[in-house]
Amino acid sequence: MSVQTWTFIIVGITFALYIGVAIWARAGSTKEFYVAGGGVSPLANGMATAADWMSAASYLSMAGLISFMGYAGAQYLMGWTGGYVLLALLLAPYLRKFGKFTVPDFIGERYYSNVARVVAVLCALLVSFTYVVGQMRGVGVAFARFLEVPFSTGIFIGIGIVFFYAVLGGMKGITYTQVAQYCVLIFAFTVPAVFISIQMVGNPIPQLGFGGQMADGTYLLDKLNQLSTDLGFSEYTTSGMNDRINVFFITAALMFGTAGLPHVIVRFFTVPRVKDARISAGYALLFIAILYTTAPAIATFARTNLIQTVSNKEYSEMPTWFKKWETADLITFDDKNKDGVIQYVADAEMNELTIDRDIIVLANPEIANLPAWVIALVVAGGLAAALSTAAGLLLVIATSVSHDLLKKNLMPSISEKGELLAARIAIAVAVILAGISGLNPPGFVAQVVALAFGLAASSFFPAIILGIFDRRMNKEGAIAGMIVGVLFTATYIWYFKPQLGGPGLPEDLWFGIRPEGIGVVGMMINLVVSIVVSRMTPAPPEEIQMLVNDIRIPRGSSSPGAAH
Amino acid sequence: MTEKNLDQYWNKNLKYLLILLSIWFVVSYGCGILFADALNSVKIGGFPLGFWFAQQGSIYIFVILIFVYVYLMNKLDKEFDVDEK
């Protein structure tokens with residue numbers, strides 16, 4: 001059977017599964033819609049969090065980026081896992097004890113202010129929307145290549161699917177669908193890696209395999225270093241080390257951003273107890289780590305295979321995958337010296353081959369000549385990753401509108417049914433808007449997503465941390481901090497991102513820090529502004545200080561929304 | 001729970017956090033970034049050590065840190081009688 005047929009079969013089966021789960025777990029109340037009724041087991045929540053977390057960027061783009069970046073790709077690996085340590089230790093248990101529906105709920109009540117709540121809602125919308133646009137592009141890329149439809153049609157199919165189960169199921173439907181999606185995506189991601197690892201170094205564990213020896217006794221990484229330097233690229237295991245300031249800042253921005261992302265934080269409202277919130281962060285990171293430790297192995301395998309397949313080979317003898325990606329315009333070959341041989345080198349003048357990094361994961365099984373069903377499986381996994389994250393984000397957007405804006409601000413008397421209807425309409429509008437924006441986003445998927453992290457790190461992370469760890473923090477401090485932090489970060493990103501129309505030149509970057517890493521500076525500014533302003537203004541009321549004391553101990557936690 | 005007890009519980013929690021987050025910082029920003037080039041002169045199998053910390057080791061240690069934290073806090077909750085029934 002052809003790859004095409006396998007793809008239709010496997011993608012069809014997985015989609016039927018998701019829709020079946022969504023119908024089984026559809027939401028009947030706002031509590032089920034927002035936090036899945038607060039009764040999800042920590043293990044299931046860990047899996048759902050992992051699927052929610054691992055987006056098209058993690059699944060489709062990350063291994064490709066690492067493959068081209070070498071050592072410096074570690075910024076994504078550490079950045080997107082290290083944040084869970086912060087989440088588990090500094091946020092999750094306390095937010096669970098607080099026990100409401102959303103991050104703006106916490107900000108609004110802890111800072112006894114509707115202004116703070118509205119600022120938080122706007123930040124949540126900005127962060128989630130930036131993020132969801134990147135997912136839509138991921139869906140588009142996957143569908144476009146494998147169903148051989150245009151990119152835009154791919155996005156529209158994605159909109160249709162997410163629309164169906166997010167609108168129907170709310171958090172409850174999304175959580176259980178994500179458990180299924182996690183299983184699909186992790187299986188699909190690791191299977192080809194195991195095959196390739198056996199093929200190249202004879203070790204079935206890819207995490208060990210990429211440090212292993214090839215048939216001729218040389219270490220794979222040494223071999224790759226050699227291949228890279230021969231073609232004029234920098235050595236794989238040290239590439240990017242001269243720009244460690246950016247590796248440092250981007251890693252930090254991604255870590256603190258992770259801990260401030262509303263769609264991740266809200267997962268810890270869905271478990272029954274404080275204890276469960278702690279352990280479920282542990283499970284989540286464990287499940288995430290399986291993919292994140294496999295990705296650098298795939299990157300190494302793919303890079304080595306790619307160079308060996310194309311470098312100095314006759315163009316006419318290229319395998320079929322090469323031609324297929326060429327028709328999709330994601331690989332281009334320009335025979336500058338007209339010798340019919342592919343010169344793939346670092347020097348831009350001489351180089352004849354351009355490869356879009358986003359295709360590495362999808363093309364990898366084909367490059368390694370794996371069976372057709374494995375290739376189809378990888379597509380299904382990519383779609384699972386993009387869809388699960390998109391659904392989680394859309395839920396945050398919908399909740400921000402229906403719960404935080406309508407129920408808590410504009411229409412406090414709205415009925416439960418009305419609120420549920422508003423949430424469903426908000427999801428519907430958000431998914432369509434995200435799809436349209438996804439048609440034309442700046443940069444690669446991973447880069448678009450990286451921007452959302454900067455914004456989350458500079459807005460929510462400090463406000464929540466200070467709300468828990470600094471009893472003296474008041475509304476004036478928190479609001480000023482969030483506004484200054486997010487404005488600074490957004491301005492810097494806009495100014496230095498030519499794709500967003502900013503006029504900034506690379507040589508003007510502050511201390512050479514790229515826009516992707518500026519969120520951590522924004523976070524520091526937020527912290528300083530918050531603390532200074534709070535100490536110059538009155539202390540928060542007595543009952544707020546009692547609230548802070550109360551969230552610091554686990555006993556007496558109630559189910560989310562019980563106080564409503 | 002008295003004010004004094006709460007302070008004791010909280011201080012102990014902060015002590016755990018300080019230790020665990022120091023490890024968190026050292027393995028990722030230290031071994032994986034700041035000292036990665038120096039560590040690269042050591043090799044485990046085919047991995048230069050700094051590269052290994054950056055792309056593998058730090059992630060394993062992150063997972064372990066969370067489980068250690070869960071264990072410590074569950075014990076602390078019982079000790080101060082603030083655990084959930």
# chains A, B, ... in the order shown; residues from 1 in each chain; ligands from 1
>>> interface_residues(of="chain A", to="chain B", cutoff="6 Å", atoms="only C-alpha atoms", output="PyMOL selection string")
chain A and resi 74+211-212+219+282+286+293+554-555
>>> write_last_selection(atoms="N, CA and C atoms", output="PDB file, in the first residue's frame")
ATOM      1  N   ALA A  74      19.671  23.070  22.172  1.00  0.00           N
ATOM      2  CA  ALA A  74      19.373  22.739  23.565  1.00  0.00           C
ATOM      3  C   ALA A  74      18.512  23.794  24.239  1.00  0.00           C
ATOM      4  N   GLY A 211      24.685   8.627  20.972  1.00  0.00           N
ATOM      5  CA  GLY A 211      26.050   8.688  21.473  1.00  0.00           C
ATOM      6  C   GLY A 211      26.807   7.399  21.160  1.00  0.00           C
ATOM      7  N   GLY A 212      26.191   6.553  20.315  1.00  0.00           N
ATOM      8  CA  GLY A 212      26.772   5.238  20.054  1.00  0.00           C
ATOM      9  C   GLY A 212      27.725   5.208  18.867  1.00  0.00           C
ATOM     10  N   TYR A 219      32.232   7.004  16.446  1.00  0.00           N
ATOM     11  CA  TYR A 219      31.049   7.507  17.138  1.00  0.00           C
ATOM     12  C   TYR A 219      30.231   8.350  16.183  1.00  0.00           C
ATOM     13  N   GLY A 282       4.688  16.333  37.970  1.00  0.00           N
ATOM     14  CA  GLY A 282       5.759  15.353  37.798  1.00  0.00           C
ATOM     15  C   GLY A 282       5.472  14.391  36.654  1.00  0.00           C
ATOM     16  N   LEU A 286       7.438  13.929  33.080  1.00  0.00           N
ATOM     17  CA  LEU A 286       7.934  12.607  32.699  1.00  0.00           C
ATOM     18  C   LEU A 286       7.474  12.242  31.281  1.00  0.00           C
ATOM     19  N   THR A 293      13.679  13.929  25.044  1.00  0.00           N
ATOM     20  CA  THR A 293      15.006  13.308  25.006  1.00  0.00           C
ATOM     21  C   THR A 293      15.188  12.522  23.707  1.00  0.00           C
ATOM     22  N   PRO A 554      -1.863  23.015  52.290  1.00  0.00           N
ATOM     23  CA  PRO A 554      -2.773  22.208  51.471  1.00  0.00           C
ATOM     24  C   PRO A 554      -4.144  21.980  52.111  1.00  0.00           C
ATOM     25  N   ARG A 555      -4.216  21.824  53.437  1.00  0.00           N
ATOM     26  CA  ARG A 555      -5.473  21.381  54.046  1.00  0.00           C
ATOM     27  C   ARG A 555      -6.608  22.366  53.758  1.00  0.00           C
TER      28      ARG A 555
END
>>> select_by_dssp(residues="segment 1-84 of chain B", states="strand (DSSP E)", output="PyMOL selection string")
chain B and resi 43-44+47-48
>>> write_last_selection(atoms="C-alpha atoms", output="short mmCIF file (atom, residue, chain, number, x, y, z; two decimals), in the first residue's frame")
data_model
loop_
_atom_site.label_atom_id
_atom_site.label_comp_id
_atom_site.auth_asym_id
_atom_site.auth_seq_id
_atom_site.Cartn_x
_atom_site.Cartn_y
_atom_site.Cartn_z
CA LYS B 43 33.50 12.31 27.07
CA ILE B 44 30.99 9.65 28.08
CA PHE B 47 28.81 12.28 24.10
CA PRO B 48 30.87 15.35 24.99
#
>>> residues_around(residues="Gly517 of chain A", least_positions_apart="2", cutoff="10 Å", atoms="only C-alpha atoms", output="PyMOL selection string")
chain A and resi 245-254+450-451+453-454+489+493+513-515+519-522
>>> write_last_selection(atoms="N, CA and C atoms", output="mmCIF file, in the first residue's frame")
data_model
loop_
_atom_site.group_PDB
_atom_site.id
_atom_site.type_symbol
_atom_site.label_atom_id
_atom_site.label_comp_id
_atom_site.auth_asym_id
_atom_site.auth_seq_id
_atom_site.Cartn_x
_atom_site.Cartn_y
_atom_site.Cartn_z
ATOM 1 N N ILE A 245 25.194 33.682 25.154
ATOM 2 C CA ILE A 245 24.317 34.643 25.832
ATOM 3 C C ILE A 245 22.881 34.452 25.362
ATOM 4 N N ASN A 246 22.696 34.187 24.063
ATOM 5 C CA ASN A 246 21.337 33.957 23.568
ATOM 6 C C ASN A 246 20.792 32.589 23.962
ATOM 7 N N VAL A 247 21.668 31.578 23.997
ATOM 8 C CA VAL A 247 21.206 30.275 24.482
ATOM 9 C C VAL A 247 20.695 30.443 25.912
ATOM 10 N N PHE A 248 21.432 31.185 26.711
ATOM 11 C CA PHE A 248 21.060 31.428 28.101
ATOM 12 C C PHE A 248 19.717 32.155 28.207
ATOM 13 N N PHE A 249 19.600 33.278 27.502
ATOM 14 C CA PHE A 249 18.391 34.093 27.628
ATOM 15 C C PHE A 249 17.172 33.413 27.024
ATOM 16 N N ILE A 250 17.357 32.740 25.884
ATOM 17 C CA ILE A 250 16.196 32.081 25.269
ATOM 18 C C ILE A 250 15.739 30.907 26.140
ATOM 19 N N THR A 251 16.710 30.132 26.659
ATOM 20 C CA THR A 251 16.342 29.060 27.584
ATOM 21 C C THR A 251 15.529 29.621 28.746
ATOM 22 N N ALA A 252 16.012 30.712 29.340
ATOM 23 C CA ALA A 252 15.326 31.288 30.501
ATOM 24 C C ALA A 252 13.944 31.814 30.120
ATOM 25 N N ALA A 253 13.844 32.490 28.980
ATOM 26 C CA ALA A 253 12.544 33.032 28.577
ATOM 27 C C ALA A 253 11.540 31.911 28.358
ATOM 28 N N LEU A 254 12.008 30.799 27.772
ATOM 29 C CA LEU A 254 11.098 29.681 27.537
ATOM 30 C C LEU A 254 10.689 29.023 28.859
ATOM 31 N N ALA A 450 7.713 30.821 20.215
ATOM 32 C CA ALA A 450 8.658 31.390 21.173
ATOM 33 C C ALA A 450 8.239 32.793 21.611
ATOM 34 N N LEU A 451 7.594 33.531 20.737
ATOM 35 C CA LEU A 451 7.150 34.875 21.099
ATOM 36 C C LEU A 451 6.115 34.836 22.217
ATOM 37 N N PHE A 453 5.901 32.832 24.565
ATOM 38 C CA PHE A 453 6.560 32.568 25.843
ATOM 39 C C PHE A 453 7.112 33.838 26.467
ATOM 40 N N GLY A 454 7.713 34.678 25.634
ATOM 41 C CA GLY A 454 8.242 35.943 26.131
ATOM 42 C C GLY A 454 7.140 36.758 26.782
ATOM 43 N N THR A 489 8.243 43.970 26.583
ATOM 44 C CA THR A 489 8.555 42.768 25.804
ATOM 45 C C THR A 489 7.939 42.835 24.409
ATOM 46 N N ILE A 493 10.065 42.929 20.868
ATOM 47 C CA ILE A 493 9.862 41.881 19.863
ATOM 48 C C ILE A 493 9.429 42.491 18.539
ATOM 49 N N ILE A 513 20.873 40.494 22.690
ATOM 50 C CA ILE A 513 19.792 39.569 23.045
ATOM 51 C C ILE A 513 18.722 39.584 21.962
ATOM 52 N N ARG A 514 18.438 38.416 21.401
ATOM 53 C CA ARG A 514 17.433 38.336 20.347
ATOM 54 C C ARG A 514 16.018 38.425 20.923
ATOM 55 N N PRO A 515 15.043 38.806 20.078
ATOM 56 C CA PRO A 515 13.664 38.982 20.577
ATOM 57 C C PRO A 515 13.128 37.756 21.318
ATOM 58 N N GLY A 519 11.949 38.043 26.826
ATOM 59 C CA GLY A 519 10.906 37.866 27.841
ATOM 60 C C GLY A 519 11.463 37.813 29.250
ATOM 61 N N VAL A 520 12.658 37.268 29.396
ATOM 62 C CA VAL A 520 13.211 37.127 30.743
ATOM 63 C C VAL A 520 13.648 38.491 31.285
ATOM 64 N N VAL A 521 14.064 39.384 30.386
ATOM 65 C CA VAL A 521 14.372 40.751 30.812
ATOM 66 C C VAL A 521 13.067 41.457 31.197
ATOM 67 N N GLY A 522 12.027 41.253 30.372
ATOM 68 C CA GLY A 522 10.708 41.802 30.686
ATOM 69 C C GLY A 522 10.220 41.324 32.044
#
>>> residues_around(residues="segment 337-349 of chain A", least_positions_apart="6", cutoff="6 Å", atoms="only C-alpha atoms", output="VMD selection string")
chain A and resid 231 to 233 311 to 315
>>> select_by_dssp(residues="segment 424-559 of chain A", states="alpha helix (DSSP H)", output="ChimeraX atom specification")
/A:424-438,445-469,475-496,519-536,542-551
>>> atom_distance(atom1="atom CA of Ile23 of chain A", atom2="atom CA of Ile265 of chain A")
25.3 Å
>>> closest_residue(among="A:Phe469, A:Leu420, A:Ala72, A:Leu394", to="Leu433 of chain A", atoms="only C-alpha atoms")
A:Leu394
